[in-house]
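Asks: Data: final.txt, compact mmCIF, C-alpha atoms and all ligand atoms.
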```txt
# COMPACT_ATOMS: atom_id res chain seq x y z
CA MET S 12 0.00 0.00 0.00
CA LEU S 13 1.76 3.12 -1.29
CA ARG S 14 -0.74 5.78 -0.27
CA ASN S 15 -1.96 6.65 3.23
CA ARG S 16 -5.12 5.06 4.59
CA GLN S 17 -7.51 6.64 7.05
CA ASP S 18 -6.03 4.49 9.86
CA THR S 19 -2.32 4.40 8.97
CA PHE S 20 0.52 5.67 6.76
CA GLY S 21 1.35 4.17 3.36
CA TRP S 22 4.86 3.17 2.23
CA GLY S 23 5.30 6.43 0.29
CA THR S 24 5.06 8.47 3.51
CA ILE S 25 7.06 5.94 5.56
CA VAL S 26 10.03 5.76 3.14
CA LEU S 27 10.16 9.56 2.74
CA HIS S 28 9.87 10.08 6.52
CA TRP S 29 12.82 7.81 7.42
CA ALA S 30 15.01 8.87 4.48
CA ILE S 31 14.63 12.54 5.46
CA ALA S 32 15.05 11.74 9.18
CA PHE S 33 18.37 9.90 8.64
CA LEU S 34 19.63 12.59 6.25
CA ILE S 35 18.84 15.37 8.72
CA VAL S 36 20.50 13.69 11.69
CA GLY S 37 23.56 12.90 9.54
CA LEU S 38 23.71 16.45 8.14
CA ILE S 39 23.54 18.03 11.61
CA ILE S 40 26.44 15.84 12.82
CA LEU S 41 28.42 16.45 9.60
CA GLY S 42 27.67 20.22 9.73
CA TYR S 43 28.89 20.42 13.33
CA VAL S 44 32.08 18.39 12.68
CA MET S 45 33.10 20.19 9.47
CA THR S 46 32.84 23.66 11.05
CA ARG S 47 35.21 22.88 13.96
CA PRO S 48 38.12 25.37 13.76
CA ASP S 49 40.90 22.79 14.26
CA ILE S 50 39.93 20.51 11.34
CA ASP S 51 42.39 19.75 8.52
CA PRO S 52 41.54 22.16 5.61
CA GLU S 53 41.65 19.45 2.90
CA LEU S 54 39.31 17.18 4.88
CA GLN S 55 37.13 20.20 5.66
CA PHE S 56 36.76 21.03 1.96
CA SER S 57 35.63 17.53 1.06
CA LEU S 58 33.25 17.34 4.07
CA TYR S 59 31.68 20.63 2.87
CA GLN S 60 31.12 19.08 -0.58
CA TRP S 61 29.50 15.98 0.94
CA HIS S 62 27.39 18.18 3.19
CA LYS S 63 26.17 20.27 0.25
CA SER S 64 25.33 17.16 -1.84
CA PHE S 65 23.43 15.38 0.95
CA GLY S 66 21.81 18.71 1.86
CA MET S 67 20.49 19.16 -1.70
CA THR S 68 19.21 15.55 -1.56
CA ALA S 69 17.37 16.40 1.68
CA LEU S 70 15.89 19.52 0.05
CA SER S 71 14.63 17.56 -2.99
CA LEU S 72 13.09 14.87 -0.76
CA ALA S 73 11.49 17.55 1.45
CA PHE S 74 9.77 19.05 -1.62
CA ILE S 75 8.59 15.60 -2.75
CA ARG S 76 7.38 15.01 0.84
CA LEU S 77 5.43 18.28 0.77
CA ILE S 78 3.72 17.37 -2.53
CA TRP S 79 3.05 13.85 -1.20
CA TRP S 80 1.61 15.30 2.02
CA LEU S 81 -0.67 17.68 0.05
CA SER S 82 -1.90 14.94 -2.28
CA ASN S 83 -2.59 12.23 0.35
CA ILE S 84 -5.18 11.82 3.05
CA HIS S 85 -3.90 12.33 6.60
CA PRO S 86 -4.53 9.34 8.89
CA ASP S 87 -6.71 10.06 11.91
CA PRO S 88 -4.86 10.77 15.16
CA VAL S 89 -4.40 7.81 17.51
CA ALA S 90 -7.34 7.75 19.96
CA SER S 91 -5.18 7.71 23.12
CA LEU S 92 -3.72 11.18 22.36
CA SER S 93 -5.01 14.00 24.58
CA SER S 94 -6.22 17.19 22.88
CA LEU S 95 -3.06 18.99 24.10
CA GLU S 96 -0.88 16.26 22.55
CA ARG S 97 -2.82 16.52 19.29
CA ARG S 98 -2.33 20.27 19.11
CA GLY S 99 1.32 19.97 20.15
CA SER S 100 2.05 17.28 17.56
CA SER S 101 0.31 19.24 14.77
CA VAL S 102 2.44 22.32 15.54
CA THR S 103 5.64 20.22 15.77
CA HIS S 104 4.89 18.43 12.47
CA ALA S 105 4.16 21.71 10.65
CA LEU S 106 7.41 23.23 12.01
CA LEU S 107 9.40 20.12 11.04
CA LEU S 108 7.98 20.27 7.50
CA ALA S 109 8.78 24.00 7.20
CA LEU S 110 12.32 23.66 8.66
CA THR S 111 13.29 20.70 6.44
CA ILE S 112 12.81 23.14 3.55
CA ALA S 113 14.06 26.36 5.20
CA VAL S 114 17.34 24.87 6.58
CA PRO S 115 18.73 23.56 3.25
CA LEU S 116 17.52 26.71 1.44
CA ALA S 117 19.51 28.81 3.95
CA GLY S 118 22.51 26.50 3.32
CA TRP S 119 22.13 27.01 -0.44
CA ALA S 120 22.03 30.78 0.24
CA ILE S 121 25.45 30.54 2.04
CA ALA S 122 27.02 28.85 -0.98
CA SER S 123 25.34 31.39 -3.31
CA THR S 124 26.38 34.55 -1.42
CA SER S 125 29.93 33.44 -0.57
CA THR S 126 32.58 35.67 -2.10
CA LEU S 127 34.77 32.53 -2.47
CA ASN S 128 32.31 31.48 -5.21
CA ILE S 129 32.95 27.74 -4.74
CA PRO S 130 30.75 25.70 -7.13
CA THR S 131 28.30 23.19 -5.65
CA LEU S 132 28.86 19.88 -7.45
CA PHE S 133 26.17 17.32 -6.65
CA PHE S 134 28.18 14.21 -5.67
CA ASN S 135 30.97 15.50 -7.90
CA ARG S 136 28.80 15.05 -10.99
CA LEU S 137 26.18 17.73 -11.56
CA LEU S 138 26.71 21.48 -11.19
CA ILE S 139 24.00 23.03 -9.00
CA PRO S 140 23.57 26.69 -9.97
CA HIS S 141 23.83 29.31 -7.25
CA LEU S 142 20.68 31.17 -6.25
CA PRO S 143 20.46 34.63 -7.85
CA MET S 144 21.75 36.51 -4.78
CA GLU S 145 24.34 39.21 -4.33
CA LYS S 146 27.71 37.95 -3.12
CA SER S 147 29.11 39.75 -0.08
CA GLU S 148 30.75 38.90 3.21
CA ALA S 149 27.84 40.44 5.13
CA ALA S 150 25.27 38.33 3.26
CA GLU S 151 27.34 35.18 3.71
CA THR S 152 27.65 35.82 7.47
CA PHE S 153 23.92 36.48 7.74
CA TRP S 154 22.96 33.23 5.95
CA SER S 155 25.62 31.28 7.82
CA ASN S 156 24.13 32.38 11.16
CA ALA S 157 20.56 31.79 9.94
CA HIS S 158 21.49 28.30 8.70
CA ALA S 159 23.17 27.38 12.01
CA TRP S 160 20.30 28.69 14.19
CA LEU S 161 17.63 27.03 12.07
CA ALA S 162 19.60 23.75 11.87
CA TYR S 163 20.13 23.54 15.65
CA GLY S 164 16.47 24.52 16.17
CA LEU S 165 15.56 21.67 13.84
CA ALA S 166 17.82 19.34 15.89
CA GLY S 167 15.87 20.31 19.05
CA LEU S 168 12.54 19.64 17.36
CA VAL S 169 13.74 16.29 15.99
CA ALA S 170 14.78 15.29 19.55
CA LEU S 171 11.36 16.32 20.89
CA HIS S 172 9.54 14.51 18.10
CA ALA S 173 11.60 11.31 18.49
CA GLY S 174 11.30 11.45 22.30
CA ALA S 175 7.50 11.72 22.05
CA ALA S 176 7.35 8.76 19.62
CA LEU S 177 9.50 6.60 21.96
CA LEU S 178 7.42 7.62 24.98
CA HIS S 179 4.26 6.53 23.17
CA HIS S 180 5.83 3.24 22.12
CA PHE S 181 7.44 2.17 25.39
CA TRP S 182 5.29 3.92 28.01
CA HIS S 183 1.80 4.25 26.55
CA ARG S 184 2.30 1.18 24.32
CA ASP S 185 0.07 2.58 21.58
CA VAL S 186 0.43 2.46 17.77
CA VAL S 187 1.92 5.95 17.25
CA LEU S 188 5.43 4.69 16.33
CA ARG S 189 4.30 1.41 14.76
CA ARG S 190 2.18 3.30 12.21
CA MET S 191 5.34 5.05 10.96
CA LEU S 192 7.35 1.80 10.94
CA GLY S 193 4.80 0.10 8.68
CA ILE S 194 4.06 -2.63 11.25
CA PHE S 195 0.58 -1.49 12.18
CA ARG S 196 -2.13 -3.93 11.14
CA ARG S 197 -5.81 -3.13 11.19
CA GLY S 198 -7.21 -4.65 14.39
CA ALA S 199 -3.71 -5.32 15.79
CA ALA S 200 -4.38 -3.22 18.87
CA SER S 201 -5.83 -5.18 21.73
CA ASN S 202 -8.03 -2.48 23.25
CA ALA S 203 -10.07 0.50 22.10
CA ASP S 204 -7.47 2.95 23.43
CA GLN S 205 -4.95 1.80 20.88
CA GLN S 206 -7.15 2.23 17.84
CA PRO S 207 -6.97 5.37 15.74
CA GLU S 208 -10.25 7.24 15.96
CA GLY S 209 -12.38 9.08 13.41
CA GLY S 210 -12.04 12.84 12.71
CA ASP S 211 -9.68 14.88 10.58
CA ARG S 212 -6.30 16.50 11.20
C1 LIG V 301 18.41 19.60 6.03
C2 LIG V 301 19.54 20.00 5.48
C3 LIG V 301 20.71 20.59 6.23
C4 LIG V 301 21.04 20.53 7.57
C5 LIG V 301 20.27 19.84 8.71
C6 LIG V 301 22.28 21.28 7.74
C7 LIG V 301 22.95 21.45 8.95
C8 LIG V 301 24.09 22.19 9.13
C9 LIG V 301 24.77 22.41 10.39
C10 LIG V 301 24.33 21.87 11.75
C11 LIG V 301 25.86 23.18 10.16
C12 LIG V 301 26.89 23.68 11.20
C13 LIG V 301 26.50 25.08 11.64
C14 LIG V 301 27.53 25.68 12.61
O1 LIG V 301 27.80 25.06 13.66
O2 LIG V 301 28.05 26.76 12.29
C15 LIG V 301 25.90 23.47 8.74
C16 LIG V 301 26.85 24.24 8.09
C17 LIG V 301 26.87 24.51 6.73
N1 LIG V 301 25.96 24.08 5.78
FE1 LIG V 301 24.33 22.93 6.15
N2 LIG V 301 22.67 21.77 6.52
C18 LIG V 301 21.74 21.37 5.57
C19 LIG V 301 21.75 21.66 4.21
C20 LIG V 301 22.72 22.41 3.55
C21 LIG V 301 22.73 22.72 2.13
C22 LIG V 301 21.68 22.26 1.12
C23 LIG V 301 23.85 23.48 1.89
C24 LIG V 301 24.36 24.05 0.59
C25 LIG V 301 24.02 23.70 -0.62
C26 LIG V 301 24.51 23.64 3.17
C27 LIG V 301 25.69 24.37 3.34
C28 LIG V 301 26.33 24.57 4.53
C29 LIG V 301 27.55 25.34 4.68
C30 LIG V 301 28.31 26.03 3.55
C31 LIG V 301 27.86 25.31 6.06
C32 LIG V 301 29.07 25.97 6.74
C33 LIG V 301 28.68 27.34 7.23
C34 LIG V 301 29.88 28.04 7.83
O3 LIG V 301 30.99 27.76 7.40
O4 LIG V 301 29.66 28.87 8.71
N3 LIG V 301 23.81 22.99 4.15
N4 LIG V 301 24.82 22.86 8.14
```
Reformat the file's structure so that it appears as structure tokens.
Ligand code: HEM
Replies:
Amino acid sequence: MLRNRQDTFGWGTIVLHWAIAFLIVGLIILGYVMTRPDIDPELQFSLYQWHKSFGMTALSLAFIRLIWWLSNIHPDPVASLSSLERRGSSVTHALLLALTIAVPLAGWAIASTSTLNIPTLFFNRLLIPHLPMEKSEAAETFWSNAHAWLAYGLAGLVALHAGAALLHHFWHRDVVLRRMLGIFRRGAASNADQQPEGGDR
């Protein structure tokens, strides 16, 4: 089942969710490591190139995810969620969706405004054009700070989101995480609390 159902996520959503999740965690670690001041310059240059290529991959997948999200039904929230949790998770999900696009766009803006004018080669193969932005040290510093703040904000939200999913799985023992792992079966829950309920999100 590729598309979402009213009671659970389809494989399209699940594959995009985990691919973007792994890319983002990897990019945050890579971004942090490559910007350490004591790193060898040659290694730093190649880590920047990897970071830019994986970052552009994350951006492309985030756009596909957005189109997929707009063109699919949204499964009903799991019945055991309180109204506060529902509102909190809707806000977190909207912010995650927005930041997975804003963070790589800000990264692309750094490469585009840098006076060093280093080309962005997608996995050493395809030249990614720079955004039509003026190159200056002030603009590069601005986008560099914006990228770092947004990326570490995204890291905080990812931690919150993953923590909530683990809490639901191990403490509440409901289907919140299983639905996104593709191991939720209709009627698998043993009591009414674990079933997704009707209503729209
Ligand atoms: C979801 C995607 C991305 C994430 C999560 C991410 C994350 C990060 C992080 C955490 C840093 C370190 C910030 C610091 O400590 O100063 C960083 C730096 C950087 N990123 Fe990204 N990044 C992403 C996408 C991109 C893209 C698409 C590009 C360019 C095409 C890019 C270009 C850069 C550059 C040039 C730096 C170094 C900035 C500096 O030297 O101050 N990033 N990124």
Asks: Find the residues near Ala73 (chain S): any atom within 10 Å, counting all atoms listed in the file, skip ones fewer than 4 places away on the same chain, and give them as a VMD selection string.
Replies: chain S and resid 27 to 28 30 to 31 67 to 69 77 to 79 108 to 113 115
Asks: Please write out the residues within 9 Å of ligand LIG 301 (chain V) as a ChimeraX atom specification, counting only C-alpha atoms and all ligand atoms.
Replies: /S:31,34-47,59-60,62-70,73,110-123,125,131,139,141,151-152,154-156,158-163,165-166
Asks: From the set S:Ala105, S:Ala32, S:Ala150, S:Met144, which residue has the shortest atom-to-atom contact distance to Val169 (chain S), counting all atoms listed in the file?
Replies: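 Between S:Ala105, S:Ala32, S:Ala150, S:Met144, the residue approaching Val169 (chain S) most closely is S:Ala32.
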Asks: May I have the residues within 9 Å of Arg14 (chain S) as a VMD selection string, using all atoms listed in the file and disregarding those fewer than 6 positions away in the same chain?
Replies: chain S and resid 20 to 24 79 83 to 84
Asks: With distances taken over all atoms listed in the file, which residue among S:Thr19, S:Pro88, S:Ser57, S:Trp29 lies nearest Ser100 (chain S)?
Replies: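 Using all atoms listed in the file, Ser100 (chain S) sits closest to S:Pro88.
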Asks: Between S:His104, S:Ile129, S:Pro143, S:Leu192, which has the minimum distance to His180 (chain S) (counting only C-alpha atoms)?
Replies: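 Using only C-alpha atoms, His180 (chain S) sits closest to S:Leu192.
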Asks: Hey, which of S:Val187, S:Ala149, S:Ile50, S:Leu58 ends up closest to Arg97 (chain S)? Count all atoms listed in the file.
Replies: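 Looking only at the distances to Arg97 (chain S), the closest residue turns out to be S:Val187.
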Asks: Grab the CA of Leu188 (chain S) to CA of Ala176 (chain S) distance for me, in Å with one decimal place.
Replies: 5.6 Å
Asks: How many Å separate CA of Asn128 (chain S) from CA of Lys146 (chain S)?
Replies: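 Interatomic distance here is 8.2 Å.
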Asks: Could you tell me how far CA of Ser71 (chain S) lies from CA of Phe33 (chain S), in Å and to one decimal?
Replies: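 Spanning CA of Ser71 (chain S) to CA of Phe33 (chain S) is a straight-line distance of 14.4 Å.
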Asks: Taking only C-alpha atoms into account, which of S:Thr103, S:Arg16, S:Asp87, S:Leu54 comes nearest Ala173 (chain S)?
Replies: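 Comparing S:Thr103, S:Arg16, S:Asp87, S:Leu54 against Ala173 (chain S), the winner is S:Thr103.
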